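To be precise, the following lines are upload-v5.txt, and they hold compact mmCIF, C-alpha atoms.
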```txt
# COMPACT_ATOMS: atom_id res chain seq x y z
CA MET A 80 25.04 5.88 21.79
CA GLU A 81 28.75 6.60 22.16
CA LYS A 82 29.30 5.25 18.62
CA VAL A 83 26.86 7.65 16.92
CA ARG A 84 28.48 9.56 14.05
CA LEU A 85 25.38 10.97 12.32
CA VAL A 86 22.26 12.61 13.77
CA ALA A 87 19.23 13.29 11.56
CA THR A 88 16.21 15.34 12.56
CA ASP A 89 12.91 16.23 10.97
CA LEU A 90 12.22 19.98 10.93
CA ASP A 91 8.54 20.90 11.36
CA GLY A 92 7.15 19.65 14.64
CA THR A 93 10.54 18.23 15.66
CA PHE A 94 13.53 20.58 15.42
CA LEU A 95 11.50 23.74 14.81
CA ARG A 96 9.09 25.27 17.29
CA ASN A 97 5.45 25.68 16.29
CA ASP A 98 6.15 29.21 15.02
CA ARG A 99 8.86 27.69 12.74
CA SER A 100 11.67 29.29 14.74
CA ILE A 101 14.80 27.57 16.12
CA SER A 102 15.24 27.63 19.88
CA GLU A 103 18.56 28.67 21.38
CA GLU A 104 18.75 25.25 23.01
CA ASN A 105 18.44 23.40 19.71
CA LEU A 106 20.87 25.73 17.94
CA ARG A 107 23.42 25.18 20.69
CA ALA A 108 22.90 21.42 20.43
CA LEU A 109 23.68 21.56 16.69
CA THR A 110 26.92 23.39 17.41
CA ASP A 111 27.84 20.87 20.10
CA LEU A 112 27.29 18.00 17.66
CA GLY A 113 29.63 19.64 15.18
CA ASP A 114 32.27 20.18 17.87
CA ALA A 115 32.02 16.45 18.64
CA GLY A 116 32.60 15.58 14.96
CA ILE A 117 29.06 14.25 14.45
CA ILE A 118 27.38 14.80 11.07
CA ARG A 119 24.17 16.84 11.28
CA VAL A 120 21.31 16.17 8.84
CA ALA A 121 17.93 17.85 8.46
CA ALA A 122 15.47 15.41 6.87
CA THR A 123 12.28 17.18 5.89
CA GLY A 124 9.23 17.11 3.67
CA ARG A 125 9.94 20.72 2.70
CA ASN A 126 11.38 21.49 -0.71
CA LEU A 127 14.76 23.20 -0.79
CA ARG A 128 13.33 26.69 -1.18
CA LYS A 129 11.09 26.18 1.83
CA VAL A 130 14.00 24.79 3.86
CA LYS A 131 15.83 28.06 3.30
CA GLU A 132 12.79 29.98 4.57
CA VAL A 133 13.16 28.46 8.06
CA ILE A 134 16.86 27.52 8.26
CA PRO A 135 18.97 30.69 8.01
CA SER A 136 22.26 30.62 6.15
CA GLY A 137 25.01 29.64 8.56
CA THR A 138 22.84 27.34 10.67
CA PRO A 139 25.26 24.47 11.40
CA PHE A 140 23.71 21.61 9.48
CA ASP A 141 25.91 19.55 7.14
CA PHE A 142 23.34 17.97 4.81
CA ILE A 143 19.67 18.46 3.94
CA VAL A 144 17.46 15.56 2.86
CA PHE A 145 14.57 17.50 1.34
CA SER A 146 11.17 16.67 -0.14
CA SER A 147 11.00 13.50 1.99
CA GLY A 148 14.18 12.15 0.38
CA ALA A 149 13.63 13.16 -3.25
CA GLY A 150 16.70 15.40 -3.04
CA ILE A 151 19.96 15.66 -1.09
CA TYR A 152 21.79 18.96 -0.63
CA HIS A 153 25.18 19.72 0.89
CA TRP A 154 24.24 22.59 3.18
CA THR A 155 27.73 23.84 4.02
CA ASP A 156 28.90 23.80 0.38
CA GLY A 157 25.61 24.97 -1.14
CA ARG A 158 25.76 22.04 -3.56
CA PHE A 159 22.89 19.95 -4.91
CA ILE A 160 24.01 16.32 -4.68
CA SER A 161 21.27 14.11 -6.11
CA GLY A 162 17.59 13.76 -6.83
CA ILE A 163 15.01 11.10 -7.66
CA ASN A 164 11.94 11.92 -9.75
CA ILE A 165 8.97 10.07 -11.21
CA SER A 166 9.60 9.19 -14.87
CA PRO A 167 7.97 11.24 -17.66
CA ALA A 168 5.76 8.31 -18.71
CA SER A 169 4.50 7.58 -15.20
CA SER A 170 4.00 11.30 -14.54
CA ALA A 171 1.74 11.62 -17.58
CA LEU A 172 -0.27 8.50 -16.75
CA LEU A 173 -0.67 9.31 -13.07
CA SER A 174 -1.75 12.88 -13.81
CA GLY A 175 -4.46 11.55 -16.12
CA PHE A 176 -5.47 8.98 -13.51
CA LEU A 177 -5.97 11.66 -10.82
CA MET A 178 -7.69 14.13 -13.15
CA LYS A 179 -10.13 11.45 -14.31
CA ARG A 180 -11.08 10.87 -10.65
CA ASN A 181 -11.62 14.61 -10.22
CA LEU A 182 -9.34 14.88 -7.16
CA ASN A 183 -7.76 18.03 -5.74
CA PHE A 184 -4.02 17.75 -6.18
CA HIS A 185 -0.72 19.46 -6.93
CA ALA A 186 2.05 18.04 -9.12
CA PHE A 187 5.58 19.32 -8.53
CA PHE A 188 8.38 20.05 -10.98
CA PRO A 189 11.44 17.74 -10.76
CA VAL A 190 14.03 18.41 -8.06
CA PRO A 191 15.74 20.69 -7.31
CA ASP A 192 13.13 23.09 -8.78
CA ASN A 193 10.14 21.45 -7.12
CA HIS A 194 9.00 24.66 -5.44
CA GLN A 195 7.24 25.13 -8.79
CA LEU A 196 4.07 23.13 -9.31
CA TYR A 197 0.99 22.40 -11.35
CA PHE A 198 -2.44 22.42 -9.74
CA PHE A 199 -5.75 20.74 -10.49
CA ARG A 200 -9.04 21.58 -8.76
CA GLY A 201 -11.24 18.54 -8.41
CA GLY A 202 -14.99 18.26 -8.29
CA GLU A 203 -15.31 18.77 -4.53
CA HIS A 204 -14.35 22.10 -2.96
CA CYS A 205 -11.50 21.64 -0.48
CA GLU A 206 -10.58 24.47 1.90
CA GLU A 207 -7.20 22.88 2.64
CA PHE A 208 -6.35 22.73 -1.06
CA GLU A 209 -7.19 26.42 -1.41
CA ARG A 210 -5.11 27.34 1.65
CA TYR A 211 -2.11 25.49 0.27
CA PHE A 212 -2.64 27.09 -3.14
CA SER A 213 -2.77 30.58 -1.58
CA PHE A 214 0.74 30.03 -0.18
CA HIS A 215 2.17 28.78 -3.48
CA ASN A 216 0.19 30.49 -6.25
CA SER A 217 3.16 32.59 -7.38
CA PHE A 218 4.87 29.35 -8.45
CA ALA A 219 1.74 27.48 -9.59
CA PHE A 220 0.50 26.67 -13.11
CA PRO A 221 -2.83 25.08 -14.09
CA LEU A 222 -2.43 21.46 -15.13
CA GLN A 223 -3.64 20.89 -18.66
CA PRO A 224 -5.01 17.66 -20.15
CA ASP A 225 -2.16 15.75 -21.85
CA GLN A 226 0.39 18.02 -20.15
CA PRO A 227 3.91 16.92 -21.17
CA PHE A 228 6.53 16.26 -18.49
CA PRO A 229 9.83 15.92 -20.38
CA ASP A 230 11.87 15.53 -17.16
CA GLY A 231 9.17 13.85 -15.08
CA LEU A 232 7.86 15.16 -11.77
CA CYS A 233 9.15 15.11 -8.21
CA GLN A 234 5.89 14.29 -6.47
CA TYR A 235 2.14 14.69 -6.16
CA LEU A 236 0.22 16.09 -3.20
CA ILE A 237 -3.37 14.87 -2.92
CA ILE A 238 -5.39 16.43 -0.11
CA ILE A 239 -8.21 14.40 1.44
CA ARG A 240 -10.29 14.68 4.60
CA GLU A 241 -9.06 12.92 7.75
CA ASP A 242 -10.18 9.36 7.02
CA LYS A 243 -7.66 6.55 7.46
CA SER A 244 -9.77 3.99 5.60
CA LEU A 245 -10.07 6.33 2.61
CA PHE A 246 -6.33 6.94 2.68
CA ASP A 247 -5.59 3.19 2.81
CA GLN A 248 -7.99 2.53 -0.07
CA MET A 249 -6.50 5.25 -2.29
CA LYS A 250 -2.93 4.26 -1.41
CA ALA A 251 -3.61 0.67 -2.44
CA GLU A 252 -5.32 1.78 -5.65
CA ILE A 253 -2.49 4.11 -6.72
CA GLU A 254 0.35 1.74 -5.83
CA SER A 255 -1.31 -1.21 -7.57
CA ALA A 256 -1.85 0.82 -10.74
CA PHE A 257 1.65 2.38 -10.82
CA ASP A 258 4.60 0.17 -9.87
CA GLU A 259 7.07 3.07 -9.96
CA VAL A 260 5.51 5.06 -7.13
CA ARG A 261 4.74 4.86 -3.43
CA VAL A 262 2.28 6.82 -1.30
CA ILE A 263 3.34 8.42 1.99
CA ARG A 264 0.95 9.78 4.59
CA SER A 265 1.66 13.12 6.25
CA SER A 266 -0.37 15.20 8.69
CA SER A 267 -1.34 18.60 7.35
CA PRO A 268 0.87 21.34 8.82
CA ILE A 269 -1.82 23.88 7.87
CA THR A 270 -5.18 22.65 9.18
CA ASN A 271 -6.39 19.80 11.38
CA GLY A 272 -8.81 17.35 9.79
CA TYR A 273 -6.94 16.64 6.56
CA ILE A 274 -4.47 14.02 5.36
CA TRP A 275 -1.80 14.80 2.81
CA MET A 276 -1.18 11.92 0.42
CA GLU A 277 2.29 12.40 -1.05
CA VAL A 278 3.19 10.31 -4.09
CA PHE A 279 6.88 9.82 -4.91
CA ASN A 280 9.13 7.55 -6.89
CA ARG A 281 9.24 4.26 -4.97
CA LYS A 282 12.94 4.80 -4.17
CA VAL A 283 12.22 8.07 -2.34
CA SER A 284 12.20 8.09 1.46
CA LYS A 285 13.92 9.96 4.24
CA GLY A 286 15.48 6.64 5.23
CA ASN A 287 17.05 6.11 1.81
CA GLY A 288 18.31 9.69 1.92
CA ILE A 289 20.07 8.95 5.21
CA ILE A 290 21.54 5.75 3.76
CA GLU A 291 22.94 7.73 0.81
CA ILE A 292 24.56 10.26 3.14
CA CYS A 293 26.03 7.38 5.14
CA ARG A 294 27.56 6.08 1.90
CA LEU A 295 28.96 9.51 1.01
CA THR A 296 30.49 10.05 4.46
CA ASP A 297 31.57 6.48 5.23
CA VAL A 298 29.23 6.18 8.21
CA HIS A 299 27.70 2.79 9.02
CA PRO A 300 23.91 2.74 9.64
CA ASP A 301 24.66 1.31 13.08
CA GLN A 302 26.23 4.70 13.89
CA THR A 303 23.11 6.76 13.23
CA LEU A 304 20.39 8.42 15.29
CA SER A 305 17.17 10.10 14.16
CA ILE A 306 14.35 12.16 15.63
CA GLY A 307 10.89 12.64 14.09
CA ASN A 308 7.29 13.41 14.86
CA ASP A 309 5.06 12.24 12.01
CA TYR A 310 4.12 9.43 9.63
CA ASN A 311 6.56 10.54 6.92
CA ASP A 312 9.42 10.08 9.42
CA ILE A 313 8.80 6.36 9.91
CA ASP A 314 11.13 5.28 7.07
CA MET A 315 13.95 7.27 8.68
CA LEU A 316 13.18 6.02 12.18
CA GLU A 317 13.25 2.43 10.92
CA ILE A 318 16.64 2.90 9.22
CA THR A 319 18.63 4.46 12.05
CA ALA A 320 20.12 2.52 14.95
CA HIS A 321 18.70 4.90 17.57
CA SER A 322 15.27 6.42 16.92
CA TYR A 323 13.19 8.88 18.92
CA ILE A 324 9.79 10.49 18.52
CA THR A 325 8.75 13.81 20.06
CA ASP A 326 5.89 13.95 22.54
CA ASN A 327 3.72 15.94 20.11
CA ALA A 328 3.64 13.01 17.65
CA PRO A 329 0.42 11.03 16.93
CA GLU A 330 -0.21 8.45 19.64
CA GLU A 331 -0.11 5.48 17.25
CA ILE A 332 3.48 6.38 16.28
CA LYS A 333 4.62 7.08 19.84
CA ALA A 334 3.71 3.52 20.77
CA HIS A 335 6.60 2.20 18.66
CA TYR A 336 9.52 4.49 19.57
CA LEU A 337 11.19 6.05 22.58
CA THR A 338 9.56 9.40 23.33
CA ILE A 339 11.43 12.62 24.09
CA PRO A 340 10.07 16.08 25.00
CA SER A 341 8.05 17.95 22.37
CA ASN A 342 9.36 20.40 19.80
CA GLU A 343 8.19 23.24 22.06
CA GLU A 344 10.30 21.78 24.87
CA HIS A 345 13.49 21.46 22.77
CA GLY A 346 13.36 17.66 22.54
CA PHE A 347 16.22 17.71 20.01
CA SER A 348 18.59 19.32 22.51
CA HIS A 349 17.41 16.86 25.18
CA ILE A 350 18.62 13.83 23.24
CA VAL A 351 21.83 15.60 22.11
CA ARG A 352 22.75 16.23 25.75
CA GLN A 353 22.36 12.50 26.42
CA LEU A 354 24.50 11.70 23.39
CA ILE A 355 27.53 13.91 24.01
CA ASN A 356 27.58 14.38 27.80
```
This entry written out as structure tokens:
Amino acid sequence: MEKVRLVATDLDGTFLRNDRSISEENLRALTDLGDAGIIRVAATGRNLRKVKEVIPSGTPFDFIVFSSGAGIYHWTDGRFISGINISPASSALLSGFLMKRNLNFHAFFPVPDNHQLYFFRGGEHCEEFERYFSFHNSFAFPLQPDQPFPDGLCQYLIIIREDKSLFDQMKAEIESAFDEVRVIRSSSPITNGYIWMEVFNRKVSKGNGIIEICRLTDVHPDQTLSIGNDYNDIDMLEITAHSYITDNAPEEIKAHYLTIPSNEEHGFSHIVRQLIN
């Protein structure tokens, strides 16, 4: 622990409280990390616009890995560093594939503008899809058959009911049909009972985003620590030398990592105190 030079944390359900606010304890812990010369990274499924909705300007992070690793942003400089998108050809084919199966999904513009999205209503009414759409309809456009994607797409979000076997079946089907992409599972932050299937370029993960920041800052992966709470944090937790999961995480994830107090109990500050005291 004394060799840690980079700390990465998920936001929702980990660093943020349930009302999406930052506790004084966690804010103080961020400042203490900076005073100790340790690089501070937020690694989140949120797009960059949504990061800025919950992380006020001046909050002492150094880097943001956003959209589950599709983009990297230098927080202190306000500079977009890099992004990984799905190619135009694969975007067109995958959109047709999902439309043909009449699924409810969203398809997001390439980073860093992936707060904008296309939407497609499938054959089965989905309350979760409509809730998500109601939050994003000012940036949403109906997806047309044979829609062109000259710069590709950042990702897809397919919303299905809570059914692990269905998720595993669809993940296998999509990844076998499209070599360029991978499917990540995420718990819905809106409503219980749904799984979010997020489809990205195969190179996209929070873990790869952390590795890229290590390269940029000359930090060895053995000098890293991460904290998460959900399935889409697993890639990051597997990459870092020290990995922790908050107590509010799903039980099947908690079985594999050291557990710290929940996001409501400032688990982030708990592990920072252990690190720098």
Which residues are close to Leu112 in chain A, i.e. within 8 Å by only C-alpha atoms, leaving aside same-chain residues fewer than 5 positions away? Reply as a PDB file with C-alpha atoms, in the coordinates of the input.
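Once everything was written out, this is around.pdb:
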```pdb
ATOM      1  CA  ILE A 117      29.060  14.250  14.450  1.00  0.00           C
ATOM      2  CA  ILE A 118      27.380  14.800  11.070  1.00  0.00           C
ATOM      3  CA  ARG A 119      24.170  16.840  11.280  1.00  0.00           C
ATOM      4  CA  VAL A 351      21.830  15.600  22.110  1.00  0.00           C
ATOM      5  CA  ILE A 355      27.530  13.910  24.010  1.00  0.00           C
TER       6      ILE A 355
END
```
Residues of range 111-173 of chain A that approach range 187-197 of chain A to 10 Å or less, counting all atoms listed in the file: could you list each one with the shortest pair of atoms and its distance in Å to one decimal, rows by chain and increasing residue number, as CSV?
```
residue,atom,partner,partner_atom,distance
A:Arg125,CA,A:His194,CA,9.1
A:Asn126,CA,A:His194,CA,6.2
A:Leu127,CA,A:Pro191,CA,7.1
A:Arg128,CA,A:His194,CA,6.4
A:Lys129,CA,A:His194,CA,7.7
A:Phe145,CA,A:Pro191,CA,9.3
A:Ser146,CA,A:Asn193,CA,8.5
A:Ala149,CA,A:Val190,CA,7.1
A:Gly150,CA,A:Val190,CA,6.4
A:Ile151,CA,A:Pro191,CA,9.0
A:Tyr152,CA,A:Pro191,CA,9.2
A:Phe159,CA,A:Pro191,CA,7.6
A:Ile160,CA,A:Pro191,CA,9.7
A:Ser161,CA,A:Val190,CA,8.6
A:Gly162,CA,A:Val190,CA,6.0
A:Ile163,CA,A:Val190,CA,7.4
A:Asn164,CA,A:Pro189,CA,5.9
A:Ile165,CA,A:Pro189,CA,8.1
A:Ser166,CA,A:Pro189,CA,9.7
```
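CA of Lys333 in chain A is found 27.1 Å from CA of Val260 in chain A.
Residue nearest Ile289 in chain A, chosen from A:Glu331, A:Glu252, A:Glu277, A:Asp312 and counting only C-alpha atoms: A:Asp312.
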Note to self: as a list of chain:residue names, please: the residues near Ala251 in chain A (cut-off 12 Å, all atoms listed in the file, same-chain neighbours under 3 positions excluded).
What the structure shows: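 Once the nearby chain positions are removed, what remains is A:Ser244, A:Leu245, A:Phe246, A:Asp247, A:Gln248, A:Glu254, A:Ser255, A:Ala256, A:Phe257, A:Asp258, A:Val260, A:Arg261, A:Val262, A:Ile263, A:Met276, A:Val278.
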With C-alpha atoms retained, export the selected residues as a short mmCIF file (atom, residue, chain, number, x, y, z; two decimals), in the frame of the given file.
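Everything below was put into result.cif:
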```cif
data_model
loop_
_atom_site.label_atom_id
_atom_site.label_comp_id
_atom_site.auth_asym_id
_atom_site.auth_seq_id
_atom_site.Cartn_x
_atom_site.Cartn_y
_atom_site.Cartn_z
CA SER A 244 -9.77 3.99 5.60
CA LEU A 245 -10.07 6.33 2.61
CA PHE A 246 -6.33 6.94 2.68
CA ASP A 247 -5.59 3.19 2.81
CA GLN A 248 -7.99 2.53 -0.07
CA GLU A 254 0.35 1.74 -5.83
CA SER A 255 -1.31 -1.21 -7.57
CA ALA A 256 -1.85 0.82 -10.74
CA PHE A 257 1.65 2.38 -10.82
CA ASP A 258 4.60 0.17 -9.87
CA VAL A 260 5.51 5.06 -7.13
CA ARG A 261 4.74 4.86 -3.43
CA VAL A 262 2.28 6.82 -1.30
CA ILE A 263 3.34 8.42 1.99
CA MET A 276 -1.18 11.92 0.42
CA VAL A 278 3.19 10.31 -4.09
#
```
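Using all atoms listed in the file, the residues found no farther than 12 Å from Lys243 in chain A, other than those of its own chain fewer than 3 positions away, are Ile239, Arg240, Phe246, Asp247, Gln248, Met249, Lys250, Arg264, Ser265, Ser266, Gly272, Tyr273, Ile274, Trp275 and Met276 of chain A.
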